[in-house]
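A.B. asks: To be precise about what I am sending: the file is called start.txt and holds compact mmCIF, C-alpha atoms.
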# COMPACT_ATOMS: atom_id res chain seq x y z
CA MET A 1 -3.56 -20.37 -18.37
CA ASN A 2 -1.36 -17.53 -17.14
CA THR A 3 0.86 -18.37 -14.19
CA LEU A 4 2.40 -16.06 -11.63
CA TYR A 5 5.26 -17.44 -9.57
CA HIS A 6 5.12 -15.43 -6.38
CA TYR A 7 5.60 -15.48 -2.63
CA PRO A 8 2.79 -14.25 -0.36
CA LEU A 9 4.78 -11.64 1.57
CA SER A 10 6.81 -10.45 -1.44
CA PRO A 11 5.84 -6.81 -2.04
CA PHE A 12 6.93 -7.04 -5.68
CA SER A 13 4.70 -10.06 -6.24
CA ARG A 14 1.87 -8.19 -4.58
CA LYS A 15 2.32 -5.17 -6.83
CA VAL A 16 1.99 -7.39 -9.90
CA ARG A 17 -0.99 -9.24 -8.39
CA LEU A 18 -2.74 -5.90 -7.86
CA CYS A 19 -2.08 -4.83 -11.46
CA LEU A 20 -3.30 -8.19 -12.78
CA GLY A 21 -6.39 -8.08 -10.57
CA GLU A 22 -7.27 -4.50 -11.50
CA LYS A 23 -7.00 -5.37 -15.18
CA LYS A 24 -9.04 -8.54 -14.59
CA ILE A 25 -6.33 -10.83 -15.96
CA GLU A 26 -6.70 -14.28 -14.44
CA VAL A 27 -3.61 -16.10 -13.28
CA ALA A 28 -2.83 -19.27 -11.43
CA LEU A 29 -0.67 -18.41 -8.43
CA VAL A 30 2.28 -20.70 -7.80
CA GLU A 31 4.11 -20.14 -4.54
CA GLU A 32 7.85 -20.09 -5.11
CA ARG A 33 10.38 -20.35 -2.28
CA TYR A 34 12.76 -18.45 -4.51
CA TRP A 35 15.63 -18.30 -1.98
CA GLU A 36 16.02 -22.08 -2.32
CA ASN A 37 17.44 -21.51 -5.81
CA ASP A 38 15.56 -24.34 -7.48
CA PRO A 39 17.21 -24.89 -10.91
CA ASP A 40 13.81 -24.89 -12.69
CA PHE A 41 12.99 -21.54 -11.18
CA LEU A 42 16.42 -20.11 -12.02
CA ARG A 43 15.81 -21.03 -15.65
CA ARG A 44 12.64 -18.93 -15.52
CA ASN A 45 14.45 -16.02 -13.88
CA PRO A 46 18.25 -16.12 -13.57
CA ALA A 47 17.93 -13.27 -11.04
CA GLY A 48 16.34 -15.84 -8.71
CA LYS A 49 13.57 -13.52 -7.59
CA VAL A 50 9.80 -13.41 -7.66
CA PRO A 51 7.55 -12.42 -9.35
CA VAL A 52 7.81 -14.26 -12.64
CA LEU A 53 4.83 -14.17 -15.00
CA LYS A 54 4.10 -16.73 -17.71
CA MET A 55 1.66 -15.13 -20.13
CA ASP A 56 1.20 -14.80 -23.89
CA GLY A 57 3.80 -17.53 -24.43
CA ARG A 58 6.48 -15.52 -22.61
CA THR A 59 8.22 -15.89 -19.27
CA MET A 60 8.72 -12.44 -17.80
CA ALA A 61 10.64 -11.28 -14.74
CA ASP A 62 11.13 -8.02 -12.82
CA SER A 63 8.03 -6.40 -11.38
CA VAL A 64 8.55 -3.06 -13.14
CA ALA A 65 9.01 -4.76 -16.51
CA ILE A 66 5.93 -6.92 -15.91
CA CYS A 67 3.69 -4.00 -14.86
CA GLU A 68 4.75 -1.96 -17.90
CA TYR A 69 4.05 -4.99 -20.11
CA LEU A 70 0.59 -5.40 -18.62
CA GLU A 71 -0.11 -1.70 -19.16
CA GLU A 72 1.00 -1.86 -22.80
CA THR A 73 -0.90 -5.05 -23.66
CA ASN A 74 -3.99 -4.48 -21.46
CA PRO A 75 -4.36 -0.70 -21.32
CA THR A 76 -7.83 -0.73 -19.68
CA PRO A 77 -8.21 0.25 -16.89
CA ALA A 78 -5.17 2.51 -17.19
CA LEU A 79 -2.66 2.38 -14.36
CA LEU A 80 -0.47 5.04 -15.94
CA PRO A 81 -1.86 8.48 -16.84
CA LYS A 82 -1.67 9.98 -20.35
CA GLY A 83 0.91 12.79 -20.24
CA ALA A 84 4.65 12.06 -20.17
CA GLY A 85 5.15 14.33 -17.14
CA ALA A 86 2.40 12.63 -15.15
CA ARG A 87 3.77 9.20 -16.12
CA CYS A 88 7.20 10.29 -14.94
CA GLU A 89 5.75 11.19 -11.55
CA VAL A 90 4.05 7.77 -11.28
CA ARG A 91 7.30 6.01 -12.13
CA ARG A 92 9.28 8.18 -9.70
CA LEU A 93 6.98 7.00 -6.91
CA VAL A 94 7.05 3.38 -8.06
CA GLY A 95 10.85 3.67 -7.77
CA TRP A 96 10.46 5.31 -4.37
CA PHE A 97 8.50 2.37 -2.96
CA ASP A 98 10.26 -0.43 -4.85
CA ASP A 99 13.69 0.84 -3.93
CA LYS A 100 13.85 3.41 -1.10
CA PHE A 101 10.88 2.25 0.97
CA TYR A 102 11.75 -1.42 0.43
CA GLN A 103 15.39 -0.97 1.48
CA GLU A 104 14.73 1.38 4.38
CA VAL A 105 11.58 -0.19 5.80
CA THR A 106 10.36 -3.51 4.38
CA THR A 107 13.68 -5.38 4.48
CA LYS A 108 14.25 -4.08 7.99
CA LEU A 109 10.85 -5.08 9.40
CA THR A 110 9.25 -7.81 7.28
CA GLY A 111 12.74 -8.95 6.29
CA GLU A 112 13.94 -9.31 9.87
CA ARG A 113 10.72 -10.48 11.49
CA VAL A 114 9.45 -12.92 8.88
CA TYR A 115 11.97 -13.71 6.13
CA ARG A 116 14.83 -14.55 8.48
CA LYS A 117 12.76 -17.31 10.06
CA ILE A 118 11.37 -18.64 6.77
CA MET A 119 14.75 -18.59 5.09
CA GLY A 120 16.53 -19.90 8.18
CA THR A 121 19.03 -17.05 8.39
CA GLY A 122 18.89 -16.54 12.14
CA TYR A 123 17.17 -14.25 14.60
CA PRO A 124 15.93 -10.74 13.80
CA ASP A 125 18.64 -8.09 14.07
CA SER A 126 17.21 -5.59 16.55
CA THR A 127 19.29 -2.71 15.13
CA ASN A 128 17.63 -3.21 11.78
CA VAL A 129 14.16 -3.53 13.31
CA LYS A 130 14.66 -0.27 15.19
CA ALA A 131 15.93 1.49 12.06
CA GLY A 132 12.93 0.22 10.07
CA ALA A 133 10.47 1.29 12.78
CA LYS A 134 12.02 4.76 12.73
CA ALA A 135 12.16 5.04 8.93
CA ILE A 136 8.54 4.05 8.36
CA LYS A 137 7.38 7.18 10.21
CA TYR A 138 9.20 9.42 7.75
CA HIS A 139 7.72 7.49 4.83
CA LEU A 140 4.17 7.63 6.21
CA ASP A 141 4.59 11.39 6.72
CA TYR A 142 5.79 11.81 3.15
CA MET A 143 2.82 9.83 1.82
CA ALA A 144 0.43 11.92 3.91
CA ARG A 145 2.00 15.11 2.49
CA LEU A 146 1.37 13.82 -1.03
CA LEU A 147 -2.20 12.79 -0.17
CA ASP A 148 -2.94 16.19 1.31
CA GLU A 149 -2.58 17.60 -2.21
CA ARG A 150 -3.75 14.71 -4.37
CA ARG A 151 -6.54 12.13 -4.31
CA TRP A 152 -4.07 9.34 -5.01
CA LEU A 153 -0.31 9.24 -4.48
CA ALA A 154 0.79 10.36 -7.94
CA GLY A 155 -2.18 12.54 -8.87
CA ASN A 156 -5.94 12.45 -9.04
CA GLU A 157 -6.20 8.96 -10.54
CA MET A 158 -5.23 5.64 -9.03
CA THR A 159 -2.02 4.37 -10.64
CA MET A 160 0.74 1.81 -10.34
CA ALA A 161 2.31 4.10 -7.73
CA ASP A 162 -0.58 3.39 -5.36
CA PHE A 163 -0.16 -0.33 -5.93
CA ALA A 164 3.61 -0.14 -5.41
CA ALA A 165 3.00 1.61 -2.07
CA ALA A 166 0.10 -0.61 -0.98
CA ALA A 167 2.12 -3.71 -1.84
CA GLN A 168 4.86 -2.70 0.60
CA LEU A 169 2.49 -1.46 3.30
CA SER A 170 0.30 -4.56 3.15
CA CYS A 171 3.33 -6.74 3.93
CA LEU A 172 4.12 -4.55 6.92
CA ASP A 173 0.49 -4.53 7.98
CA TYR A 174 0.56 -8.33 8.12
CA THR A 175 2.84 -8.03 11.15
CA SER A 176 1.11 -4.91 12.54
CA ASP A 177 4.01 -2.64 11.64
CA VAL A 178 1.93 0.26 10.28
CA ASP A 179 0.52 2.89 12.62
CA TRP A 180 -2.69 3.74 10.78
CA ASN A 181 -3.57 6.35 13.36
CA ARG A 182 -0.62 8.52 12.38
CA HIS A 183 -2.43 10.20 9.46
CA GLU A 184 -6.13 9.96 8.74
CA VAL A 185 -5.60 10.80 5.07
CA LEU A 186 -3.30 7.78 4.75
CA LYS A 187 -5.73 5.45 6.48
CA ASP A 188 -8.50 6.63 4.13
CA TRP A 189 -6.25 5.99 1.14
CA TYR A 190 -5.41 2.47 2.33
CA ALA A 191 -9.09 1.74 3.05
CA LYS A 192 -9.93 2.67 -0.55
CA ILE A 193 -7.20 0.41 -1.95
CA LYS A 194 -7.98 -2.39 0.45
CA SER A 195 -11.61 -2.54 -0.63
CA ARG A 196 -10.77 -3.10 -4.29
CA PRO A 197 -11.55 -6.59 -5.61
CA ALA A 198 -7.92 -6.85 -6.76
CA PHE A 199 -6.86 -6.77 -3.10
CA ARG A 200 -8.93 -9.76 -1.97
CA SER A 201 -6.40 -12.48 -2.64
CA ILE A 202 -3.74 -10.49 -0.80
CA LEU A 203 -5.92 -10.24 2.28
CA ALA A 204 -6.34 -14.02 2.19
CA ASP A 205 -2.56 -14.69 2.19
CA GLU A 206 -1.13 -16.68 5.03
CA VAL A 207 2.46 -17.52 5.83
CA PRO A 208 2.80 -20.67 7.97
CA GLY A 209 4.13 -19.81 11.41
CA PHE A 210 3.03 -16.19 11.19
CA GLN A 211 -0.56 -15.27 11.99
CA PRO A 212 -1.65 -12.07 10.29
CA ALA A 213 -2.55 -9.18 12.60
CA ALA A 214 -6.21 -9.25 13.70
CA HIS A 215 -7.11 -6.21 11.59
CA TYR A 216 -5.10 -7.36 8.54
CA ALA A 217 -8.05 -8.49 6.40
CA ASP A 218 -10.58 -6.16 8.03
CA LEU A 219 -11.87 -3.54 5.58
CA ASP A 220 -12.97 -1.43 8.52
CA PHE A 221 -9.62 -1.43 10.35
CA MET B 1 18.69 25.26 -20.48
CA ASN B 2 18.16 21.70 -19.24
CA THR B 3 20.06 20.81 -16.08
CA LEU B 4 21.12 17.42 -14.81
CA TYR B 5 22.09 17.18 -11.15
CA HIS B 6 24.47 14.25 -11.05
CA TYR B 7 27.57 12.78 -9.47
CA PRO B 8 30.41 11.56 -11.70
CA LEU B 9 30.65 8.02 -10.33
CA SER B 10 26.89 7.55 -9.89
CA PRO B 11 25.86 4.76 -12.27
CA PHE B 12 22.27 6.02 -12.33
CA SER B 13 23.43 9.50 -13.34
CA ARG B 14 25.60 7.92 -16.03
CA LYS B 15 22.68 5.92 -17.42
CA VAL B 16 20.66 9.13 -17.83
CA ARG B 17 23.66 10.98 -19.30
CA LEU B 18 24.02 8.22 -21.91
CA CYS B 19 20.31 8.41 -22.82
CA LEU B 20 20.48 12.22 -23.05
CA GLY B 21 23.65 12.05 -25.14
CA GLU B 22 22.31 9.42 -27.51
CA LYS B 23 19.17 11.48 -28.06
CA LYS B 24 21.32 14.61 -28.52
CA ILE B 25 19.57 16.51 -25.73
CA GLU B 26 21.92 19.13 -24.32
CA VAL B 27 22.12 19.57 -20.58
CA ALA B 28 24.22 21.55 -18.16
CA LEU B 29 25.76 19.12 -15.68
CA VAL B 30 25.68 20.20 -12.03
CA GLU B 31 27.67 18.04 -9.65
CA GLU B 32 25.63 17.27 -6.56
CA ARG B 33 27.15 15.85 -3.37
CA TYR B 34 23.73 14.36 -2.66
CA TRP B 35 24.76 12.57 0.56
CA GLU B 36 25.24 15.99 2.21
CA ASN B 37 21.46 16.42 2.18
CA ASP B 38 21.46 20.04 1.07
CA PRO B 39 17.92 21.39 1.68
CA ASP B 40 17.73 22.89 -1.84
CA PHE B 41 18.55 19.54 -3.33
CA LEU B 42 16.07 17.70 -1.10
CA ARG B 43 13.36 20.00 -2.40
CA ARG B 44 14.23 18.88 -5.91
CA ASN B 45 14.22 15.22 -4.90
CA PRO B 46 12.97 14.25 -1.44
CA ALA B 47 14.61 10.84 -2.01
CA GLY B 48 17.95 12.67 -1.75
CA LYS B 49 19.48 10.86 -4.70
CA VAL B 50 20.93 11.74 -8.08
CA PRO B 51 20.11 12.03 -10.93
CA VAL B 52 17.57 14.84 -11.03
CA LEU B 53 16.69 16.36 -14.39
CA LYS B 54 15.24 19.84 -14.90
CA MET B 55 13.72 19.92 -18.37
CA ASP B 56 10.51 21.10 -20.04
CA GLY B 57 9.66 23.11 -16.92
CA ARG B 58 9.68 19.96 -14.76
CA THR B 59 11.98 18.64 -12.07
CA MET B 60 12.22 14.88 -12.45
CA ALA B 61 13.84 12.23 -10.26
CA ASP B 62 14.52 8.48 -10.45
CA SER B 63 16.65 7.28 -13.34
CA VAL B 64 14.06 4.81 -14.64
CA ALA B 65 11.32 7.46 -14.63
CA ILE B 66 13.65 9.93 -16.36
CA CYS B 67 14.76 7.48 -19.08
CA GLU B 68 11.15 6.51 -19.82
CA TYR B 69 10.24 10.22 -19.99
CA LEU B 70 13.07 10.89 -22.44
CA GLU B 71 11.96 7.95 -24.57
CA GLU B 72 8.34 9.16 -24.63
CA THR B 73 9.14 12.79 -25.39
CA ASN B 74 12.19 12.26 -27.65
CA PRO B 75 11.54 8.92 -29.32
CA THR B 76 14.39 9.19 -31.87
CA PRO B 77 16.74 7.38 -31.73
CA ALA B 78 14.69 4.70 -29.97
CA LEU B 79 16.20 3.15 -26.86
CA LEU B 80 13.26 0.81 -26.39
CA PRO B 81 12.19 -1.59 -29.15
CA LYS B 82 8.66 -1.71 -30.62
CA GLY B 83 7.00 -4.90 -29.33
CA ALA B 84 5.71 -5.21 -25.75
CA GLY B 85 7.61 -8.48 -25.23
CA ALA B 86 10.90 -7.01 -26.43
CA ARG B 87 10.35 -3.91 -24.26
CA CYS B 88 9.72 -6.16 -21.28
CA GLU B 89 13.07 -7.87 -21.87
CA VAL B 90 14.85 -4.49 -22.01
CA ARG B 91 13.21 -3.39 -18.77
CA ARG B 92 14.01 -6.73 -17.09
CA LEU B 93 17.68 -6.11 -17.83
CA VAL B 94 17.55 -2.47 -16.78
CA GLY B 95 16.18 -3.77 -13.45
CA TRP B 96 18.93 -6.40 -13.38
CA PHE B 97 21.70 -3.80 -13.59
CA ASP B 98 20.02 -1.03 -11.58
CA ASP B 99 19.10 -3.36 -8.75
CA LYS B 100 20.88 -6.73 -8.71
CA PHE B 101 24.21 -5.72 -10.26
CA TYR B 102 24.28 -2.46 -8.32
CA GLN B 103 23.60 -4.15 -4.97
CA GLU B 104 25.84 -7.16 -5.53
CA VAL B 105 28.76 -5.50 -7.31
CA THR B 106 28.84 -1.69 -7.57
CA THR B 107 28.04 -0.87 -3.94
CA LYS B 108 30.58 -3.48 -2.85
CA LEU B 109 33.44 -2.26 -5.05
CA THR B 110 32.91 1.37 -6.09
CA GLY B 111 30.90 1.88 -2.90
CA GLU B 112 33.65 0.59 -0.63
CA ARG B 113 36.67 1.84 -2.53
CA VAL B 114 35.49 5.32 -3.54
CA TYR B 115 32.25 6.41 -1.86
CA ARG B 116 33.35 5.58 1.67
CA LYS B 117 36.26 7.98 1.35
CA ILE B 118 34.28 10.72 -0.37
CA MET B 119 31.39 10.47 2.08
CA GLY B 120 33.72 10.06 5.05
CA THR B 121 32.17 6.80 6.24
CA GLY B 122 35.40 4.99 7.08
CA TYR B 123 37.71 2.46 5.48
CA PRO B 124 36.64 -0.08 2.86
CA ASP B 125 35.11 -3.22 4.34
CA SER B 126 37.26 -6.01 2.91
CA THR B 127 34.46 -8.58 3.24
CA ASN B 128 32.30 -6.48 0.95
CA VAL B 129 35.14 -5.90 -1.50
CA LYS B 130 35.78 -9.65 -1.69
CA ALA B 131 32.08 -10.38 -2.18
CA GLY B 132 31.87 -7.77 -4.97
CA ALA B 133 34.97 -9.10 -6.69
CA LYS B 134 33.45 -12.58 -6.62
CA ALA B 135 29.98 -11.47 -7.75
CA ILE B 136 31.21 -9.48 -10.74
CA LYS B 137 32.53 -12.68 -12.34
CA TYR B 138 29.07 -14.22 -12.32
CA HIS B 139 27.58 -11.06 -13.80
CA LEU B 140 30.20 -10.82 -16.55
CA ASP B 141 29.55 -14.47 -17.39
CA TYR B 142 25.82 -13.82 -17.57
CA MET B 143 26.35 -10.83 -19.87
CA ALA B 144 28.63 -12.89 -22.10
CA ARG B 145 25.95 -15.60 -22.31
CA LEU B 146 23.44 -13.00 -23.47
CA LEU B 147 25.91 -11.52 -25.96
CA ASP B 148 26.68 -14.93 -27.42
CA GLU B 149 23.09 -14.99 -28.68
CA ARG B 150 22.37 -11.30 -29.31
CA ARG B 151 24.21 -8.33 -30.82
CA TRP B 152 23.27 -6.19 -27.82
CA LEU B 153 22.23 -7.21 -24.31
CA ALA B 154 18.47 -7.21 -24.81
CA GLY B 155 18.31 -8.09 -28.50
CA ASN B 156 19.73 -7.04 -31.84
CA GLU B 157 19.37 -3.29 -31.23
CA MET B 158 21.14 -1.09 -28.71
CA THR B 159 18.72 -0.15 -25.90
CA MET B 160 18.50 1.35 -22.44
CA ALA B 161 19.59 -2.05 -21.11
CA ASP B 162 23.03 -1.58 -22.68
CA PHE B 163 23.28 1.87 -21.12
CA ALA B 164 22.16 0.57 -17.71
CA ALA B 165 24.91 -2.07 -17.89
CA ALA B 166 27.59 0.23 -19.29
CA ALA B 167 26.78 2.83 -16.62
CA GLN B 168 27.56 0.34 -13.85
CA LEU B 169 30.59 -1.18 -15.57
CA SER B 170 32.11 2.20 -16.41
CA CYS B 171 32.10 3.11 -12.69
CA LEU B 172 33.88 -0.15 -11.90
CA ASP B 173 36.28 0.35 -14.77
CA TYR B 174 37.33 3.69 -13.28
CA THR B 175 38.97 1.73 -10.45
CA SER B 176 40.13 -1.14 -12.68
CA ASP B 177 37.58 -3.58 -11.27
CA VAL B 178 36.52 -5.16 -14.57
CA ASP B 179 38.50 -8.03 -16.06
CA TRP B 180 37.97 -7.30 -19.76
CA ASN B 181 39.95 -10.38 -20.72
CA ARG B 182 37.35 -12.70 -19.22
CA HIS B 183 35.10 -12.68 -22.31
CA GLU B 184 36.04 -11.31 -25.71
CA VAL B 185 32.38 -10.82 -26.65
CA LEU B 186 31.92 -8.56 -23.62
CA LYS B 187 35.01 -6.52 -24.37
CA ASP B 188 33.77 -6.03 -27.94
CA TRP B 189 30.39 -4.89 -26.64
CA TYR B 190 31.96 -2.38 -24.25
CA ALA B 191 34.28 -1.08 -26.99
CA LYS B 192 31.22 -0.39 -29.18
CA ILE B 193 29.44 1.48 -26.38
CA LYS B 194 32.58 3.30 -25.30
CA SER B 195 33.14 4.73 -28.77
CA ARG B 196 29.72 6.39 -28.94
CA PRO B 197 29.74 10.20 -28.74
CA ALA B 198 27.31 9.94 -25.79
CA PHE B 199 30.08 8.26 -23.79
CA ARG B 200 32.65 11.03 -24.16
CA SER B 201 31.72 13.10 -21.13
CA ILE B 202 31.75 9.96 -18.97
CA LEU B 203 35.29 9.15 -20.06
CA ALA B 204 36.32 12.69 -19.05
CA ASP B 205 34.94 12.34 -15.49
CA GLU B 206 37.37 12.70 -12.63
CA VAL B 207 36.79 12.27 -8.93
CA PRO B 208 39.32 14.22 -6.81
CA GLY B 209 41.60 11.87 -4.90
CA PHE B 210 40.95 8.97 -7.28
CA GLN B 211 42.90 8.76 -10.51
CA PRO B 212 41.04 6.79 -13.17
CA ALA B 213 42.71 3.57 -14.34
CA ALA B 214 45.20 4.13 -17.17
CA HIS B 215 42.96 2.41 -19.74
CA TYR B 216 39.75 4.06 -18.47
CA ALA B 217 39.34 6.59 -21.29
CA ASP B 218 41.21 4.53 -23.89
CA LEU B 219 38.93 3.41 -26.74
CA ASP B 220 41.45 0.70 -27.60
CA PHE B 221 41.73 -0.80 -24.10
Let me see the file written as structure tokens.
C.D. replies:
Amino acid sequence: MNTLYHYPLSPFSRKVRLCLGEKKIEVALVEERYWENDPDFLRRNPAGKVPVLKMDGRTMADSVAICEYLEETNPTPALLPKGAGARCEVRRLVGWFDDKFYQEVTTKLTGERVYRKIMGTGYPDSTNVKAGAKAIKYHLDYMARLLDERRWLAGNEMTMADFAAAAQLSCLDYTSDVDWNRHEVLKDWYAKIKSRPAFRSILADEVPGFQPAAHYADLDF
Amino acid sequence: MNTLYHYPLSPFSRKVRLCLGEKKIEVALVEERYWENDPDFLRRNPAGKVPVLKMDGRTMADSVAICEYLEETNPTPALLPKGAGARCEVRRLVGWFDDKFYQEVTTKLTGERVYRKIMGTGYPDSTNVKAGAKAIKYHLDYMARLLDERRWLAGNEMTMADFAAAAQLSCLDYTSDVDWNRHEVLKDWYAKIKSRPAFRSILADEVPGFQPAAHYADLDF
């Protein structure tokens, strides 16, 4: 059986879960409190981060590396388009959400509000929370600009870029940190992603001590 | 003519320059002070970061996306191996250096010592410098462990992973922040990379106000 070591509110784990789900690859989910630096887990991934995927006799780490592996070994349905230029655009946006969005928004909101408590690293830093709340507006506006011209974020097909974005946003939505009324086109996009079977397990996630927002699992939010 | 918008001590720009050089793709280098948020540059890359590559009539951003594009469109010499598992290992290590090493080491040493002055964001934070100087030891040890078992970082062929690592280390070496005597196997690896023609332009880089270390461009360091 394939195993994914993950944490429910880890956007990178969620991105991989969405790719696995879309490609109908079954995995057993093992929750990993990766910040506790368990020696067994560090053997699986010396970087000490989730997700880690055990599949095909391999132990694989890094969400980008895992998603590319899944695409190469299970090409249907495709989550990368055919042409090199279009693939470059998908990967640019994956980088955008994995790196820029994550650093500017997710660590500052989900990181401060949820992870600090779980990891026991103190109270939320209000400067960070404010910065995250400000930055998310810019990011939502940028996404809406893309979606004004394209059906999905990177083009007219759903790709890994949509999953990279939805993975981050779904973590923020858990704590009601996304203003879905800001752009209708963005809300429509998220509703489409949210209704995919691959999304179901993410909507069922619960982190002890943090109730998800009332609309979190609602497909008609 | 292809154009690469870069900054000399940007490790991500250096990674792309190494891939371009190895594949013998000529580019005009345009130095971009990306933190000044020039509107023309932001049109090229809304993320406001280097590198940005203009090539084949496209404007491409994000170093991972660019390197994958170069590999797909100019497959010789290969910088990714053939098998999906081996490719996954290369990409895991690219992620390691682009993300973990960069955050834990490069931003804390090159970031504090050089970028703060260039960007005008104050004096180096000594806590960060100390943390970076401590973290680099762990990373060098990890690299040496890999190189004890493999000719190159990700396996027995030189790949993007070696360039991702050398790009970070070469920035740190500019300010003498790498202890090459810590592991002979690592010094040998860097000497091999450093002597490649693709590395030449990197060894010629100069940042005004910061003299490179005496051994920086020396192939026999």
A.B. asks: Taking 2 positions as the minimum chain separation for residues in the same chain, which residues sit within 9 Å of stretch 52-66 of chain B when counting all atoms listed in the file? Answer as number ranges by chain.
C.D. replies: A: 85, 87-96; B: 1-6, 12-13, 15-16, 27, 44-45, 47, 49-50, 68-71, 94-95, 98
A.B. asks: Just want the 12 Å neighbourhood of B:Asp148, counted on only C-alpha atoms, with same-chain residues fewer than 4 positions away dropped. Output as a VMD selection string.
C.D. replies: chain B and resid 141 to 144 152 to 156 183 to 186 188 to 189
A.B. asks: Rank B:Asp218, B:Glu31, B:Asp162, B:Glu104 by their smallest atom-to-atom distance to B:Leu203, using all atoms listed in the file, and report the top residue only.
C.D. replies: B:Asp218
A.B. asks: When you count all atoms listed in the file, which of these residues is closest to chain B: A:Pro8, A:Asn128, A:Cys67, A:Asp38?
C.D. replies: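 Of A:Pro8, A:Asn128, A:Cys67, A:Asp38, the one nearest chain B is A:Cys67, counting all atoms listed in the file.
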A.B. asks: Between A:Arg17, A:Lys134, A:Ala161, A:Met119, which one has atoms that come closest to chain B, using only C-alpha atoms?
C.D. replies: A:Ala161
A.B. asks: With a distance cut-off of 6 Å and all atoms listed in the file, select the neighbouring residues of A:Leu109, excluding the residue or stretch itself and same-chain residues fewer than 3 positions from it, and output the selection as a list in words.
C.D. replies: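 My list of contacting residues is Thr106, Glu112, Arg113, Val129 and Gly132 of chain A.
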A.B. asks: Would you mind exporting C-alpha atoms of the selected residues as a CSV table (one decimal), in the frame of the given file?
C.D. replies:
chain,number,residue,atom,x,y,z
A,106,THR,CA,10.4,-3.5,4.4
A,112,GLU,CA,13.9,-9.3,9.9
A,113,ARG,CA,10.7,-10.5,11.5
A,129,VAL,CA,14.2,-3.5,13.3
A,132,GLY,CA,12.9,0.2,10.1
A.B. asks: So which one's closest to chain A, B:Pro46, B:Gly21, B:Pro197, B:Gly209? Using only C-alpha atoms, please.
C.D. replies: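 Nearest to chain A: B:Pro46.
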A.B. asks: Within 10 Å of A:Asn74, counting only C-alpha atoms, which residues show up once you throw out same-chain ones fewer than 5 positions away? Write them as a tab-separated table (two decimals) with C-alpha atoms, in the frame of the given file, please.
C.D. replies:
chain	number	residue	atom	x	y	z
A	20	LEU	CA	-3.30	-8.19	-12.78
A	23	LYS	CA	-7.00	-5.37	-15.18
A	24	LYS	CA	-9.04	-8.54	-14.59
A	25	ILE	CA	-6.33	-10.83	-15.96
A	68	GLU	CA	4.75	-1.96	-17.90
A	69	TYR	CA	4.05	-4.99	-20.11
A	79	LEU	CA	-2.66	2.38	-14.36
